[in-house]
Amino acid sequence: MNIRERKMRMLAGICATKSGRMRMSACLALLLVGLTAAVFPITFLTIDDTNIMYTFAGYFTGEPFPIHGFVNLPLGYFTSLLYMWMPAVPWWPVLQLLCVSISIWVIFYSLWDIGAENSVPGWGMLLINALLYLSVLIYAVFRLSFTMTACMLGAAGVLRLLSADTGSERRELFPLCAMLESMALMIVCFLFRNSTGYSMVCFWAAGVAYHMLNTFFIRSKQERKRERMRLLAYGACCLAVFGALVWLNNWSYENMNPEGYAAFEDARGRYLDFPHVTYAEDPAFFASLGWDRQVYDLVDRSCFIDPHVTAENINAILDYSTGNTASLSSRFLTAMGYGEAFFRGNGPAEYMLVFPVLIGIWSLVRYLRIRKRGVETLIVLCLGLGSFALCLYLCFVERLILRAFQVIALPATVMMLALCMRIHTSDPLPEKKKTTVLRVMLILISLFSLGWSVTKNMLWIGQFQPQEQMQNMRTAESYAMEHKKNVYFCMPTFIDNREAFKTYPGERPTNLLDWGDTGMFSAWKTRQLEINGLNGLTPDVFRLDNVYLMGTQDGGELQVLIDYLTQDAGAKGCERVDTFGEGYAIYKVVY
């Protein structure tokens with residue numbers, strides 16, 4: 001026996017038991033995540049995660065603060081306590097990376113169990129899991145995001161629903177352990193992001209529907225009734241828990257922030273996320289709300305300091321915009337153009353499509369070959385069509401951003417893969433030569449497509465080099481810490497700070513503030529203003545002697561605010577008073 005055969009037998013022996021498959025999955029997950037962290041710089045996907053991290057760590061408020069509008073309250077308190085206990089550890093990204101890694105492990109061993117039940121060899125499952133990671137799952141590790149972390153937890157939870165093969169001839173019962181694991185993962189999903197939890201419930205419902213459909217093939221009426229009652233009880237229990245988490249999130253959102261925050265944040269989010277009438281299209285309407293061109297441009301840059309920028313006025317703009325409806329055909333063509341532009345401009349979305357499309361094709365081919373496993377094939381097709389419908393809806397409302405697409409594509413992919421492996425027969429079927437040729441062609445196309453996807457992914461990821469950007473942000477924060485008596489305002493995306501694994505000194509630079517964005521009127525923003533002796537973020541704060549603007553040396557990103565202050569708030573202009581770093585400056589508004 002040569003060395004290769006000995007290794008293959010050893011791998012087969014390890015994968016023959018459930019505990020062995022779990023260990024192999026853990027090793028594979030650890031290896032892939034570790035290689036990603038070693039080769040590529042792991043950063044946050046958006047500045048929203050930076051704001052969450054700064055809030056929980058106490059960067060904004062001087063001490064760990066547990067309340068943030070994007071994260072459910074229990075997770076906020078837990079993370080803040082960790083920062084209080086050991087502030088030198090970057091707990092928020094550590095928690096995200098830990099949850100993502102656990103989710104990958106759960107996905108790997110769940111798929112491996114399904115593969116073992118359907119005679120997929122150990123080396124085959126190693127290859128499938130590795131390709132799944134390199135084509136789809138790697139994005140949740142490479143660019144951490146509380147949205148994608150919640151998505152990974154939800155996808156793992158949904159996949160645990162499919163761990164029992166209730167559609168096989170031996171009719172496995174849906175085990176209690178898998179039920180509890182699925183519920184636990186879904187709960188943590190809701191803790192990380194409520195809105196992502198809403199999306200995951202759709203896929204969770206598809207998993208429950210899969211098992212419910214399989215009960216129709218149980219011959220014993222009593223056993224069929226018992227299994228349906230178990231599924232209904234489980235579904236009701238999960239929905240009650242999910243509902244409680246949603247209620248808690250909404251309660252804290254409304255009651256643990258200053259009055260008016262929730263209404264303004266809801267209006268602000270819809271205004272910035274979805275299309276609306278522009279100032280150029282109807283200046284008279286905006287004038288009736290007290291908005292001129294300068295106010296409109298300020299809001300477009302997430303600056304809400306003008307007293308006329310209220311939830312009521314923003315909602316009035318949104319309501320007015322809905323009256324300008326185009327024909328359905330025109331909206332459809334616009335949506336198609338929007339979707340095409342999205343996929344052409346977002347490499348990761350384009351590369352990620354390869355895996356689910358191939359799974360859908362293989363599922364259909366395998367079903368047509370064996371004429372069995374109709375429930376699995378039906379769910380796969382429903383997942384594909386449902387995902388397309390969700391993406392089409394987002395194209396209609398012009399809100400198909402990368403992370404929204406990934407939240408749809410990722411759970412659909414892992415569910416489709418699990419079901420595809422079940423559309424299988426161990427009995428050899430007679431094949432015609434033409435069918436064999438078609439299968440060989442499909443295999444070659446699949447190999448080429450997966451190779452293209454993985455290669456393009458690695459090339460795209462390798463282009464991201466954020467070290468200079470992170471160093472620039474450290475320079476800006478250091479400058480603020482050296483001038484503690486002053487207050488510095490900057491644009492939220494001043495340096496587009498997405499540094500994840502950041503530790504905090506004993507003194508945190510709370511005197512560096514953005515000029516609005518998602519934290520406007522929030523508890524943490526209010527506390528940050530109070531620490532710096534400010535009663536609120538209004539145009540008058542720039543009259544104070546110790547309040548400055550921080551930006552680039554040409555001041556281009558500050559010009560919108562300066563134009564507003566000079567034309568609407570009585571300022572005469574703005575002068576540069578200091579420079580620091582490579583290309584950054586401090587400005588004082590002159591009255």
# chains A, B, ... in the order shown; residues from 1 in each chain; ligands from 1
call {"tool": "residues_around", "arguments": {"residues": "range 351-356 of chain A", "least_positions_apart": "3", "cutoff": "6 Å", "atoms": "only C-alpha atoms", "output": "PDB file with N, CA and C atoms, in the first residue's frame"}}
result
ATOM      1  N   SER A 135     -15.198  30.586  -2.150  1.00  0.00           N
ATOM      2  CA  SER A 135     -16.111  31.242  -3.078  1.00  0.00           C
ATOM      3  C   SER A 135     -17.146  32.126  -2.389  1.00  0.00           C
ATOM      4  N   VAL A 136     -17.553  31.755  -1.162  1.00  0.00           N
ATOM      5  CA  VAL A 136     -18.689  32.420  -0.542  1.00  0.00           C
ATOM      6  C   VAL A 136     -18.391  32.904   0.873  1.00  0.00           C
ATOM      7  N   PRO A 348     -17.318  40.874  -5.861  1.00  0.00           N
ATOM      8  CA  PRO A 348     -17.694  39.785  -4.957  1.00  0.00           C
ATOM      9  C   PRO A 348     -19.092  39.238  -5.210  1.00  0.00           C
ATOM     10  N   ILE A 359     -25.049  24.846  -8.121  1.00  0.00           N
ATOM     11  CA  ILE A 359     -25.805  23.941  -7.248  1.00  0.00           C
ATOM     12  C   ILE A 359     -27.211  23.726  -7.803  1.00  0.00           C
ATOM     13  N   THR A 413     -27.217  29.572  -0.508  1.00  0.00           N
ATOM     14  CA  THR A 413     -26.179  28.687  -1.043  1.00  0.00           C
ATOM     15  C   THR A 413     -25.959  27.470  -0.158  1.00  0.00           C
ATOM     16  N   SER A 453     -14.149  31.616 -10.174  1.00  0.00           N
ATOM     17  CA  SER A 453     -14.684  32.298  -8.991  1.00  0.00           C
ATOM     18  C   SER A 453     -13.629  32.444  -7.903  1.00  0.00           C
TER      19      SER A 453
END
call {"tool": "residues_around", "arguments": {"residues": "Leu191 in chain A", "least_positions_apart": "3", "cutoff": "10 Å", "atoms": "only C-alpha atoms", "output": "list in words"}}
result
Phe70, Val71, Asn72, Leu73, Pro74, Leu75, Gly76, Phe146, Ala150, Leu185, Met186, Ile187, Val188, Asn194, Thr196, Gly197, Phe242, Leu245, Val246 and Asn249 of chain A
call {"tool": "closest_residue", "arguments": {"among": "A:Val577, A:Leu392, A:Leu134, A:Ala404", "to": "Cys151 in chain A", "atoms": "only C-alpha atoms"}}
result
A:Ala404
call {"tool": "residues_around", "arguments": {"residues": "Ala341 in chain A", "least_positions_apart": "6", "cutoff": "12 Å", "atoms": "only C-alpha atoms", "output": "VMD selection string"}}
result
chain A and resid 334 to 335 347 349 to 350 395 398 400 to 401
call {"tool": "write_last_selection", "arguments": {"atoms": "all heavy atoms", "output": "compact mmCIF listing (two decimals), in the first residue's frame"}}
result
# COMPACT_ATOMS: atom_id res chain seq x y z
N THR A 334 -35.81 50.25 -15.26
CA THR A 334 -34.88 50.92 -14.34
C THR A 334 -34.27 49.94 -13.36
O THR A 334 -33.07 49.98 -13.08
CB THR A 334 -35.62 52.03 -13.57
OG1 THR A 334 -36.17 52.97 -14.49
CG2 THR A 334 -34.67 52.75 -12.62
N ALA A 335 -35.10 49.02 -12.83
CA ALA A 335 -34.62 48.00 -11.90
C ALA A 335 -33.60 47.09 -12.56
O ALA A 335 -32.57 46.73 -11.97
CB ALA A 335 -35.78 47.18 -11.35
N GLY A 347 -17.53 43.09 -7.81
CA GLY A 347 -16.92 41.80 -8.11
C GLY A 347 -17.35 40.67 -7.19
O GLY A 347 -17.72 39.59 -7.66
N ALA A 349 -20.04 40.10 -5.55
CA ALA A 349 -21.40 39.62 -5.84
C ALA A 349 -21.40 38.77 -7.10
O ALA A 349 -22.05 37.72 -7.16
CB ALA A 349 -22.34 40.81 -6.00
N GLU A 350 -20.67 39.20 -8.10
CA GLU A 350 -20.60 38.46 -9.36
C GLU A 350 -19.92 37.10 -9.16
O GLU A 350 -20.41 36.07 -9.63
CB GLU A 350 -19.83 39.29 -10.39
CG GLU A 350 -19.88 38.73 -11.80
CD GLU A 350 -19.16 39.64 -12.78
OE1 GLU A 350 -18.52 40.62 -12.33
OE2 GLU A 350 -19.22 39.36 -13.98
N CYS A 395 -33.72 45.74 -6.28
CA CYS A 395 -33.42 46.53 -7.46
C CYS A 395 -34.53 47.56 -7.72
O CYS A 395 -34.25 48.69 -8.13
CB CYS A 395 -33.27 45.62 -8.68
SG CYS A 395 -31.75 44.65 -8.70
N GLU A 398 -34.01 50.21 -5.39
CA GLU A 398 -32.63 50.70 -5.56
C GLU A 398 -31.85 50.64 -4.25
O GLU A 398 -31.21 51.60 -3.82
CB GLU A 398 -32.65 52.12 -6.13
CG GLU A 398 -33.29 52.19 -7.50
CD GLU A 398 -33.21 53.57 -8.14
OE1 GLU A 398 -32.35 54.37 -7.71
OE2 GLU A 398 -34.00 53.86 -9.05
N LEU A 400 -30.01 47.47 -3.54
CA LEU A 400 -29.24 46.24 -3.64
C LEU A 400 -27.76 46.57 -3.43
O LEU A 400 -27.01 46.77 -4.38
CB LEU A 400 -29.45 45.57 -4.99
CG LEU A 400 -28.78 44.20 -5.16
CD1 LEU A 400 -29.32 43.20 -4.15
CD2 LEU A 400 -28.96 43.67 -6.57
N ILE A 401 -27.34 46.64 -2.16
CA ILE A 401 -25.94 46.86 -1.84
C ILE A 401 -25.29 45.50 -1.59
O ILE A 401 -25.97 44.48 -1.44
CB ILE A 401 -25.79 47.78 -0.61
CG1 ILE A 401 -26.55 47.20 0.58
CG2 ILE A 401 -26.29 49.18 -0.94
CD1 ILE A 401 -26.39 48.01 1.85
call {"tool": "closest_atom_pairs", "arguments": {"of": "range 142-216 of chain A", "to": "range 493-504 of chain A", "cutoff": "10 Å", "atoms": "only C-alpha atoms", "output": "CSV"}}
result
residue,atom,partner,partner_atom,distance
A:Arg143,CA,A:Ala500,CA,9.1
A:Leu144,CA,A:Ala500,CA,7.9
A:Ser145,CA,A:Ala500,CA,9.8
call {"tool": "atom_distance", "arguments": {"atom1": "CA of Tyr234 in chain A", "atom2": "CA of Ala164 in chain A"}}
result
14.8 Å
call {"tool": "residues_around", "arguments": {"residues": "Leu381 in chain A", "least_positions_apart": "6", "cutoff": "10 Å", "atoms": "only C-alpha atoms", "output": "PyMOL selection string"}}
result
chain A and resi 360-361+363-364+375+387+416
call {"tool": "write_last_selection", "arguments": {"atoms": "all heavy atoms", "output": "PDB file, in the first residue's frame"}}
result
ATOM      1  N   GLY A 360     -27.862  24.803  -8.246  1.00  0.00           N
ATOM      2  CA  GLY A 360     -29.200  24.684  -8.804  1.00  0.00           C
ATOM      3  C   GLY A 360     -29.222  23.801 -10.036  1.00  0.00           C
ATOM      4  O   GLY A 360     -30.119  22.952 -10.187  1.00  0.00           O
ATOM      5  N   ILE A 361     -28.234  23.970 -10.910  1.00  0.00           N
ATOM      6  CA  ILE A 361     -28.167  23.153 -12.133  1.00  0.00           C
ATOM      7  C   ILE A 361     -27.939  21.685 -11.783  1.00  0.00           C
ATOM      8  O   ILE A 361     -28.619  20.788 -12.300  1.00  0.00           O
ATOM      9  CB  ILE A 361     -27.051  23.676 -13.059  1.00  0.00           C
ATOM     10  CG1 ILE A 361     -27.417  25.067 -13.577  1.00  0.00           C
ATOM     11  CG2 ILE A 361     -26.832  22.711 -14.220  1.00  0.00           C
ATOM     12  CD1 ILE A 361     -26.301  25.746 -14.350  1.00  0.00           C
ATOM     13  N   SER A 363     -28.597  20.134  -8.994  1.00  0.00           N
ATOM     14  CA  SER A 363     -29.778  19.583  -8.314  1.00  0.00           C
ATOM     15  C   SER A 363     -30.822  19.135  -9.324  1.00  0.00           C
ATOM     16  O   SER A 363     -31.400  18.039  -9.211  1.00  0.00           O
ATOM     17  CB  SER A 363     -30.388  20.627  -7.369  1.00  0.00           C
ATOM     18  OG  SER A 363     -29.487  20.995  -6.359  1.00  0.00           O
ATOM     19  N   LEU A 364     -31.056  19.975 -10.322  1.00  0.00           N
ATOM     20  CA  LEU A 364     -32.052  19.635 -11.337  1.00  0.00           C
ATOM     21  C   LEU A 364     -31.606  18.433 -12.167  1.00  0.00           C
ATOM     22  O   LEU A 364     -32.408  17.528 -12.447  1.00  0.00           O
ATOM     23  CB  LEU A 364     -32.285  20.846 -12.245  1.00  0.00           C
ATOM     24  CG  LEU A 364     -33.475  20.777 -13.206  1.00  0.00           C
ATOM     25  CD1 LEU A 364     -34.772  20.561 -12.434  1.00  0.00           C
ATOM     26  CD2 LEU A 364     -33.555  22.034 -14.055  1.00  0.00           C
ATOM     27  N   VAL A 375     -39.079  16.617  -2.934  1.00  0.00           N
ATOM     28  CA  VAL A 375     -39.182  17.684  -1.938  1.00  0.00           C
ATOM     29  C   VAL A 375     -37.901  18.504  -1.913  1.00  0.00           C
ATOM     30  O   VAL A 375     -37.927  19.748  -1.894  1.00  0.00           O
ATOM     31  CB  VAL A 375     -39.491  17.099  -0.545  1.00  0.00           C
ATOM     32  CG1 VAL A 375     -39.418  18.184   0.520  1.00  0.00           C
ATOM     33  CG2 VAL A 375     -40.862  16.446  -0.534  1.00  0.00           C
ATOM     34  N   SER A 387     -34.702  33.859  -3.751  1.00  0.00           N
ATOM     35  CA  SER A 387     -33.538  34.737  -3.692  1.00  0.00           C
ATOM     36  C   SER A 387     -33.559  35.738  -4.849  1.00  0.00           C
ATOM     37  O   SER A 387     -33.253  36.926  -4.674  1.00  0.00           O
ATOM     38  CB  SER A 387     -32.254  33.911  -3.739  1.00  0.00           C
ATOM     39  OG  SER A 387     -32.180  33.033  -2.635  1.00  0.00           O
ATOM     40  N   MET A 416     -29.027  25.146  -0.311  1.00  0.00           N
ATOM     41  CA  MET A 416     -29.111  24.448  -1.596  1.00  0.00           C
ATOM     42  C   MET A 416     -28.063  23.352  -1.706  1.00  0.00           C
ATOM     43  O   MET A 416     -28.332  22.266  -2.229  1.00  0.00           O
ATOM     44  CB  MET A 416     -28.956  25.461  -2.734  1.00  0.00           C
ATOM     45  CG  MET A 416     -30.125  26.411  -2.881  1.00  0.00           C
ATOM     46  SD  MET A 416     -29.785  27.808  -3.988  1.00  0.00           S
ATOM     47  CE  MET A 416     -29.694  26.963  -5.568  1.00  0.00           C
TER      48      MET A 416
END
call {"tool": "residues_around", "arguments": {"residues": "range 510-519 of chain A", "least_positions_apart": "3", "cutoff": "9 Å", "atoms": "only C-alpha atoms", "output": "JSON, numbers by chain"}}
result
{"A": [48, 51, 58, 59, 60, 61, 62, 68, 69, 261, 265, 268, 269, 301, 302, 303, 304, 305, 476, 477, 480, 481, 483, 484, 485, 486, 487, 488, 489, 490, 491, 492, 493, 494, 507, 522, 523, 524, 525, 526, 528, 529, 531, 532, 537, 550]}
call {"tool": "select_by_dssp", "arguments": {"residues": "range 361-535 of chain A", "states": "helix (DSSP H, G or I)", "output": "PyMOL selection string"}}
result
chain A and resi 361-370+374-396+402-422+433-462+467-482+517-519+523-531
call {"tool": "write_last_selection", "arguments": {"atoms": "C-alpha atoms", "output": "short mmCIF file (atom, residue, chain, number, x, y, z; two decimals), in the first residue's frame"}}
result
data_model
loop_
_atom_site.label_atom_id
_atom_site.label_comp_id
_atom_site.auth_asym_id
_atom_site.auth_seq_id
_atom_site.Cartn_x
_atom_site.Cartn_y
_atom_site.Cartn_z
CA ILE A 361 -28.17 23.15 -12.13
CA TRP A 362 -26.69 20.03 -10.51
CA SER A 363 -29.78 19.58 -8.31
CA LEU A 364 -32.05 19.64 -11.34
CA VAL A 365 -29.82 17.27 -13.32
CA ARG A 366 -29.60 14.78 -10.47
CA TYR A 367 -33.34 14.85 -9.90
CA LEU A 368 -34.08 14.28 -13.59
CA ARG A 369 -31.66 11.35 -13.50
CA ILE A 370 -33.13 9.49 -10.51
CA GLY A 374 -38.86 15.77 -5.23
CA VAL A 375 -39.18 17.68 -1.94
CA GLU A 376 -35.47 18.52 -1.89
CA THR A 377 -35.59 19.61 -5.55
CA LEU A 378 -38.68 21.74 -4.89
CA ILE A 379 -37.03 23.52 -1.94
CA VAL A 380 -33.86 24.14 -3.98
CA LEU A 381 -35.90 25.72 -6.80
CA CYS A 382 -37.93 27.76 -4.30
CA LEU A 383 -34.73 29.02 -2.66
CA GLY A 384 -33.35 30.04 -6.04
CA LEU A 385 -36.55 31.77 -7.14
CA GLY A 386 -37.08 33.37 -3.73
CA SER A 387 -33.54 34.74 -3.69
CA PHE A 388 -34.03 36.14 -7.19
CA ALA A 389 -37.32 37.74 -6.13
CA LEU A 390 -35.68 39.38 -3.09
CA CYS A 391 -32.85 40.75 -5.23
CA LEU A 392 -35.37 42.00 -7.82
CA TYR A 393 -37.31 43.79 -5.10
CA LEU A 394 -34.11 45.46 -3.89
CA CYS A 395 -33.42 46.53 -7.46
CA PHE A 396 -36.90 48.10 -7.67
CA LEU A 402 -23.25 44.22 -1.47
CA ARG A 403 -23.97 43.14 2.09
CA ALA A 404 -27.72 42.94 1.37
CA PHE A 405 -27.03 40.62 -1.56
CA GLN A 406 -24.69 38.50 0.55
CA VAL A 407 -27.31 38.15 3.30
CA ILE A 408 -29.58 36.61 0.65
CA ALA A 409 -27.02 34.57 -1.30
CA LEU A 410 -25.08 33.04 1.59
CA PRO A 411 -27.89 31.17 3.44
CA ALA A 412 -29.48 30.17 0.12
CA THR A 413 -26.18 28.69 -1.04
CA VAL A 414 -25.51 26.53 2.02
CA MET A 415 -29.12 25.30 2.11
CA MET A 416 -29.11 24.45 -1.60
CA LEU A 417 -25.80 22.62 -1.24
CA ALA A 418 -27.11 20.48 1.63
CA LEU A 419 -30.26 19.55 -0.29
CA CYS A 420 -28.34 18.93 -3.53
CA MET A 421 -26.19 16.30 -1.83
CA ARG A 422 -29.36 14.50 -0.75
CA LYS A 433 -23.64 7.75 -24.13
CA LYS A 434 -25.23 11.13 -24.82
CA THR A 435 -26.09 11.56 -21.14
CA THR A 436 -22.53 10.68 -20.12
CA VAL A 437 -21.12 13.26 -22.54
CA LEU A 438 -23.47 15.89 -21.11
CA ARG A 439 -22.40 15.06 -17.57
CA VAL A 440 -18.72 15.33 -18.52
CA MET A 441 -19.40 18.71 -20.11
CA LEU A 442 -21.23 19.85 -16.98
CA ILE A 443 -18.32 18.72 -14.80
CA LEU A 444 -15.83 20.63 -16.96
CA ILE A 445 -18.00 23.77 -16.91
CA SER A 446 -18.34 23.48 -13.14
CA LEU A 447 -14.59 23.11 -12.61
CA PHE A 448 -13.87 26.07 -14.87
CA SER A 449 -16.51 28.25 -13.18
CA LEU A 450 -15.35 27.41 -9.66
CA GLY A 451 -11.72 28.01 -10.63
CA TRP A 452 -12.69 31.38 -12.10
CA SER A 453 -14.68 32.30 -8.99
CA VAL A 454 -11.94 31.39 -6.52
CA THR A 455 -9.21 33.05 -8.59
CA LYS A 456 -11.17 36.27 -9.04
CA ASN A 457 -12.01 36.30 -5.32
CA MET A 458 -8.39 36.03 -4.29
CA LEU A 459 -7.30 38.70 -6.77
CA TRP A 460 -10.04 41.08 -5.60
CA ILE A 461 -9.28 40.51 -1.91
CA GLY A 462 -5.56 40.95 -2.53
CA GLN A 467 -2.53 50.03 6.19
CA GLU A 468 -1.99 53.64 5.07
CA GLN A 469 -5.62 54.56 5.73
CA MET A 470 -5.48 53.03 9.23
CA GLN A 471 -2.27 54.88 10.03
CA ASN A 472 -3.83 58.16 8.91
CA MET A 473 -6.73 57.63 11.30
CA ARG A 474 -4.36 56.87 14.17
CA THR A 475 -2.54 60.14 13.37
CA ALA A 476 -5.81 62.10 13.51
CA GLU A 477 -6.82 60.49 16.82
CA SER A 478 -3.40 61.15 18.31
CA TYR A 479 -3.66 64.82 17.37
CA ALA A 480 -7.03 65.07 19.15
CA MET A 481 -5.60 63.41 22.26
CA GLU A 482 -2.72 65.88 22.33
CA ASP A 517 -24.47 60.35 10.61
CA THR A 518 -26.25 57.38 12.28
CA GLY A 519 -25.59 58.54 15.85
CA ALA A 523 -27.62 58.15 23.79
CA TRP A 524 -23.92 57.75 23.05
CA LYS A 525 -23.73 60.85 20.85
CA THR A 526 -25.57 62.90 23.49
CA ARG A 527 -23.17 61.66 26.16
CA GLN A 528 -20.15 62.49 23.99
CA LEU A 529 -21.41 66.03 23.46
CA GLU A 530 -22.03 66.46 27.20
CA ILE A 531 -18.49 65.33 28.06
#
call {"tool": "atom_distance", "arguments": {"atom1": "CA of Val158 in chain A", "atom2": "CA of Cys15 in chain A"}}
result
23.1 Å
call {"tool": "atom_distance", "arguments": {"atom1": "CA of Gly506 in chain A", "atom2": "CA of Gly533 in chain A"}}
result
20.8 Å
call {"tool": "closest_atom_pairs", "arguments": {"of": "range 104-200 of chain A", "to": "range 213-229 of chain A", "cutoff": "9 Å", "atoms": "only C-alpha atoms", "output": "tab-separated table"}}
result
residue	atom	partner	partner_atom	distance
A:Thr166	CA	A:Asn214	CA	6.2
A:Gly167	CA	A:Asn214	CA	5.3
A:Ser168	CA	A:Asn214	CA	8.9
A:Arg171	CA	A:Ile218	CA	7.7
A:Leu173	CA	A:Glu227	CA	7.7
A:Phe174	CA	A:Glu227	CA	8.3
call {"tool": "write_last_selection", "arguments": {"atoms": "all heavy atoms", "output": "PDB file, in the first residue's frame"}}
result
ATOM      1  N   THR A 166     -35.110  13.771   7.024  1.00  0.00           N
ATOM      2  CA  THR A 166     -36.480  13.295   7.254  1.00  0.00           C
ATOM      3  C   THR A 166     -37.153  12.834   5.969  1.00  0.00           C
ATOM      4  O   THR A 166     -38.279  12.329   5.997  1.00  0.00           O
ATOM      5  CB  THR A 166     -37.334  14.407   7.885  1.00  0.00           C
ATOM      6  OG1 THR A 166     -37.280  15.574   7.054  1.00  0.00           O
ATOM      7  CG2 THR A 166     -36.823  14.753   9.276  1.00  0.00           C
ATOM      8  N   GLY A 167     -36.483  13.011   4.831  1.00  0.00           N
ATOM      9  CA  GLY A 167     -37.066  12.578   3.561  1.00  0.00           C
ATOM     10  C   GLY A 167     -36.511  11.287   3.031  1.00  0.00           C
ATOM     11  O   GLY A 167     -36.901  10.834   1.952  1.00  0.00           O
ATOM     12  N   SER A 168     -35.595  10.661   3.768  1.00  0.00           N
ATOM     13  CA  SER A 168     -35.005   9.406   3.292  1.00  0.00           C
ATOM     14  C   SER A 168     -35.960   8.241   3.538  1.00  0.00           C
ATOM     15  O   SER A 168     -36.982   8.372   4.210  1.00  0.00           O
ATOM     16  CB  SER A 168     -33.678   9.145   4.006  1.00  0.00           C
ATOM     17  OG  SER A 168     -33.908   8.930   5.390  1.00  0.00           O
ATOM     18  N   ARG A 171     -36.564   7.531   7.123  1.00  0.00           N
ATOM     19  CA  ARG A 171     -37.353   8.556   7.808  1.00  0.00           C
ATOM     20  C   ARG A 171     -36.806   8.904   9.187  1.00  0.00           C
ATOM     21  O   ARG A 171     -37.369   8.588  10.217  1.00  0.00           O
ATOM     22  CB  ARG A 171     -38.805   8.091   7.950  1.00  0.00           C
ATOM     23  CG  ARG A 171     -39.495   7.819   6.642  1.00  0.00           C
ATOM     24  CD  ARG A 171     -39.730   9.096   5.863  1.00  0.00           C
ATOM     25  NE  ARG A 171     -40.217   8.792   4.512  1.00  0.00           N
ATOM     26  CZ  ARG A 171     -40.309   9.666   3.531  1.00  0.00           C
ATOM     27  NH1 ARG A 171     -39.912  10.898   3.743  1.00  0.00           N
ATOM     28  NH2 ARG A 171     -40.744   9.331   2.348  1.00  0.00           N
ATOM     29  N   LEU A 173     -36.133  10.960  12.457  1.00  0.00           N
ATOM     30  CA  LEU A 173     -36.849  11.992  13.195  1.00  0.00           C
ATOM     31  C   LEU A 173     -35.978  13.234  13.309  1.00  0.00           C
ATOM     32  O   LEU A 173     -34.749  13.144  13.331  1.00  0.00           O
ATOM     33  CB  LEU A 173     -37.232  11.490  14.590  1.00  0.00           C
ATOM     34  CG  LEU A 173     -38.297  10.398  14.644  1.00  0.00           C
ATOM     35  CD1 LEU A 173     -38.490   9.940  16.090  1.00  0.00           C
ATOM     36  CD2 LEU A 173     -39.616  10.883  14.071  1.00  0.00           C
ATOM     37  N   PHE A 174     -36.619  14.378  13.385  1.00  0.00           N
ATOM     38  CA  PHE A 174     -35.894  15.638  13.568  1.00  0.00           C
ATOM     39  C   PHE A 174     -35.391  15.674  15.008  1.00  0.00           C
ATOM     40  O   PHE A 174     -36.179  15.825  15.939  1.00  0.00           O
ATOM     41  CB  PHE A 174     -36.843  16.790  13.288  1.00  0.00           C
ATOM     42  CG  PHE A 174     -36.168  18.127  13.186  1.00  0.00           C
ATOM     43  CD1 PHE A 174     -34.790  18.256  13.100  1.00  0.00           C
ATOM     44  CD2 PHE A 174     -36.924  19.291  13.155  1.00  0.00           C
ATOM     45  CE1 PHE A 174     -34.184  19.478  13.005  1.00  0.00           C
ATOM     46  CE2 PHE A 174     -36.335  20.536  13.064  1.00  0.00           C
ATOM     47  CZ  PHE A 174     -34.960  20.626  12.989  1.00  0.00           C
TER      48      PHE A 174
END
call {"tool": "closest_atom_pairs", "arguments": {"of": "range 266-310 of chain A", "to": "range 569-573 of chain A", "cutoff": "12 Å", "atoms": "only C-alpha atoms", "output": "Markdown table"}}
result
| residue | atom | partner | partner_atom | distance |
| --- | --- | --- | --- | --- |
| A:Gln294 | CA | A:Ala569 | CA | 10.7 |
| A:Val295 | CA | A:Ala569 | CA | 10.9 |
| A:Ile305 | CA | A:Ala569 | CA | 10.6 |
| A:Asp306 | CA | A:Ala569 | CA | 9.0 |
| A:Pro307 | CA | A:Ala569 | CA | 10.9 |
call {"tool": "residues_around", "arguments": {"residues": "Thr552 in chain A", "least_positions_apart": "5", "cutoff": "7 Å", "atoms": "only C-alpha atoms", "output": "VMD selection string"}}
result
chain A and resid 583 to 585
call {"tool": "decode", "arguments": {"residues": "range 542-560 of chain A", "atoms": "C-alpha atoms", "output": "compact mmCIF listing (two decimals), in the first residue's frame"}}
result
# COMPACT_ATOMS: atom_id res chain seq x y z
CA PHE A 542 -18.87 76.47 15.90
CA ARG A 543 -18.96 79.89 17.58
CA LEU A 544 -17.21 78.43 20.66
CA ASP A 545 -13.51 79.22 20.94
CA ASN A 546 -12.44 75.60 21.45
CA VAL A 547 -14.46 74.05 18.59
CA TYR A 548 -12.61 73.30 15.34
CA LEU A 549 -13.02 71.37 12.10
CA MET A 550 -10.62 68.59 11.10
CA GLY A 551 -10.11 67.61 7.48
CA THR A 552 -7.72 67.39 4.58
CA GLN A 553 -5.46 70.31 3.71
CA ASP A 554 -7.56 71.30 0.69
CA GLY A 555 -10.70 71.14 2.86
CA GLY A 556 -12.78 69.75 0.01
CA GLU A 557 -14.92 67.47 2.17
CA LEU A 558 -15.66 70.37 4.56
CA GLN A 559 -16.83 72.79 1.89
CA VAL A 560 -20.51 71.80 2.12
